[in-house]
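Inspection log for the structure reproduced underneath, given as structure tokens.
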Amino acid sequence: SSLQSNPRHRKLAAAQGGESLSAAPQDEAKKIGKTIITAIASDIDGTLLNSKQQVSQRNVETIQRARKKGILFFPATGKSRQGVYNALGEFGQELKKENCPGVFLQGLIVYDQNGNVIHEMLLPLEPVKKVVQFCTREGISLVAYHRDRILCSQRDANTDKLINYCEPTPEAIGPLDEAMVANGQVYNKLIIMGNDEDQITKIRPAMEALIGEDAEITQAIGYMLEILPKGGSKGDGVRRLLGALGVDPAGLLALGDAENDVEMLRLAGTGVAMGNARPALFAATGGRRTATHDRDGVARAVGHYCLGEPDPACLLGLGGGAEEEE
């Protein structure tokens with residue numbers, strides 16, 4: 001394809017909608033032994049968005065400065081593409097207008113810089129049946145994602161928690177497994193919507209035993225348990241997008257806060273855990289961390305690793321979890 005025949009810097013420029021990286025900063029970085037960041041992948045909830053589900057002006061402005069330097073930015077999230085655009089407000093609408101590439105639904109659907117789907121994974125019927133039957137028996141809410149649609153057997157307070165995350169409004173279609181058989185309805189992933197984190201913690205072992213090798217299980221938010229197709233992960237989606245764009249993972253800065261980010265953070269040459277991340281993530285990043293999502297952690301990491309602006313929050317080293325001073 002023409003995408004694969006173009007030089008790497010042209011792919012980056014096209015994906016970014018701007019100029020490619022100039023040689024001078026790269027040469028200078030090589031002289032002082034710094035990693036050259038050519039792309040940024042950011043998780044959304046708990047990372048780019050703060051605890052009020054808002055993106056700070058500092059985060060947006062710092063990302064825009066990096067983009068003007070020719071560094072590609074793209075979302076890598078469990079959210080739907082429309083949910084990302086909604087959540088990021090004006091910045092999201094700008095990304096939408098540009099056909100910004102991105103990794104959505106935990107890597108189960110990947111869009112390139114032309115707005116084309118270059119990778120998609122769907123759940124087979126068998127694990128869907130098992131999960132639907134389990135949730136029906138236990139009286140637990142369940143939703144299914146298909147691209148930018150969220151489907152459920154019936155709406156309730158738990159299914160509608162997704163609206164608080166700027167996701168599309170769930171649509172009631174009756175039993176999800178029956179819709180799959182009768183109407184050929186397909187799902188990228190399922191999310192079990194618990195009352196709270198304790199309920200999900202209790203049912204997770206039973207769900208893992210039930211699913212076995214038929215699917216993957218991950219978590220991004222405490223009271224949600226996600227069921228993905230076998231082999232699906234955010235890291236896999238990011239790897240596929242980088243390959244399509246000709247970007248070396250060694251030049252990727254990746255930011256995340258939860259279990260579903262581990263593969264992506266390990267893939268990236270520079271994986272950084274948010275200050276509010278779960279402890280397992282600090283191991284995945286070799287101790288690299290930044291400030292919390294409520295203290296502009298994304299902006300501070302982008303400044304530190306991409307713009308030559310050393311930040312104390314990114315110098316704390318191993319351990320993580322402690323609040324840094326402003």
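Identifiers in this document derive from the order of the structure tokens: chains are assigned A, B, ..., residues are numbered from 1 separately in each chain, and ligands are numbered from 1 in order of occurrence.
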> Could you pull the residues within 9 Å of Gln154 in chain A, counting only C-alpha atoms, minus those fewer than 2 positions along the same chain, as a ChimeraX atom specification?
Replying inline: /A:141-142,151-152,156,159,170-175
>> What parts of range 138-252 of chain A does DSSP call helix (DSSP H, G or I)? I'd like the answer as a ChimeraX atom specification.
In response: /A:138,159-165,176-183,197-211,234-245,249-251
> What lies within 12 Å of Pro75 in chain A using only C-alpha atoms, ignoring chain neighbours under 3 positions off, as a ChimeraX atom specification?
Replying inline: /A:39-45,47-49,63,72,78-85,87-88,91-92,95-96,99-107,110-112,234,237-238,241,253-256,264
Atoms kept (C-alpha atoms) for selection, written as a short mmCIF file (atom, residue, chain, number, x, y, z; two decimals), in the first residue's frame:
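Ended up saving to again38.cif:
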```cif
data_model
loop_
_atom_site.label_atom_id
_atom_site.label_comp_id
_atom_site.auth_asym_id
_atom_site.auth_seq_id
_atom_site.Cartn_x
_atom_site.Cartn_y
_atom_site.Cartn_z
CA ALA A 39 5.10 9.48 19.33
CA ILE A 40 2.95 9.74 22.47
CA ALA A 41 0.23 7.22 23.38
CA SER A 42 -1.98 8.31 26.26
CA ASP A 43 -4.66 6.46 28.17
CA ILE A 44 -7.73 8.64 28.84
CA ASP A 45 -9.61 7.84 32.09
CA THR A 47 -4.55 9.56 32.91
CA LEU A 48 -5.35 12.41 30.52
CA LEU A 49 -8.62 13.12 32.36
CA ILE A 63 0.44 18.07 24.03
CA LEU A 72 2.62 12.21 16.95
CA GLY A 78 -10.67 1.26 26.65
CA LYS A 79 -13.18 3.93 25.66
CA SER A 80 -15.06 4.12 22.39
CA ARG A 81 -13.74 6.59 19.81
CA GLN A 82 -16.85 8.76 20.22
CA GLY A 83 -16.42 8.61 24.00
CA VAL A 84 -12.88 10.01 23.65
CA TYR A 85 -14.02 12.86 21.42
CA ALA A 87 -14.58 13.55 26.94
CA LEU A 88 -11.84 15.77 25.49
CA PHE A 91 -9.41 19.17 21.86
CA GLY A 92 -11.41 16.02 21.09
CA LEU A 95 -8.66 15.31 16.91
CA LYS A 96 -11.90 14.15 15.27
CA ASN A 99 -8.89 11.95 11.73
CA CYS A 100 -6.33 11.48 14.49
CA PRO A 101 -5.22 7.83 14.59
CA GLY A 102 -6.05 5.94 17.76
CA VAL A 103 -6.45 2.70 19.68
CA PHE A 104 -9.88 2.18 21.22
CA LEU A 105 -11.87 -0.46 23.16
CA GLN A 106 -8.69 -1.89 24.75
CA GLY A 107 -6.96 -2.31 21.37
CA VAL A 110 -7.61 0.65 15.65
CA TYR A 111 -8.02 3.60 13.27
CA ASP A 112 -5.26 5.00 11.05
CA LYS A 234 -4.32 -2.27 24.38
CA GLY A 237 -3.52 -2.44 19.33
CA VAL A 238 -0.74 0.09 19.90
CA LEU A 241 -0.90 1.11 14.88
CA LEU A 253 6.21 7.64 25.22
CA ALA A 254 3.21 5.79 26.71
CA LEU A 255 1.21 6.90 29.76
CA GLY A 256 -1.31 4.91 31.78
CA MET A 264 1.38 -0.88 26.29
#
```
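Closest approach to Leu162 in chain A among A:Ile221, A:Ile118, A:Ala209, A:Ile203: A:Ile221, based on only C-alpha atoms.
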> Near Lys189 in chain A, counting only C-alpha atoms, which residues have an atom at most 6 Å away, once you skip same-chain residues fewer than 6 positions from it, shown as a PyMOL selection string?
Replying inline: chain A and resi 144-145+227-228
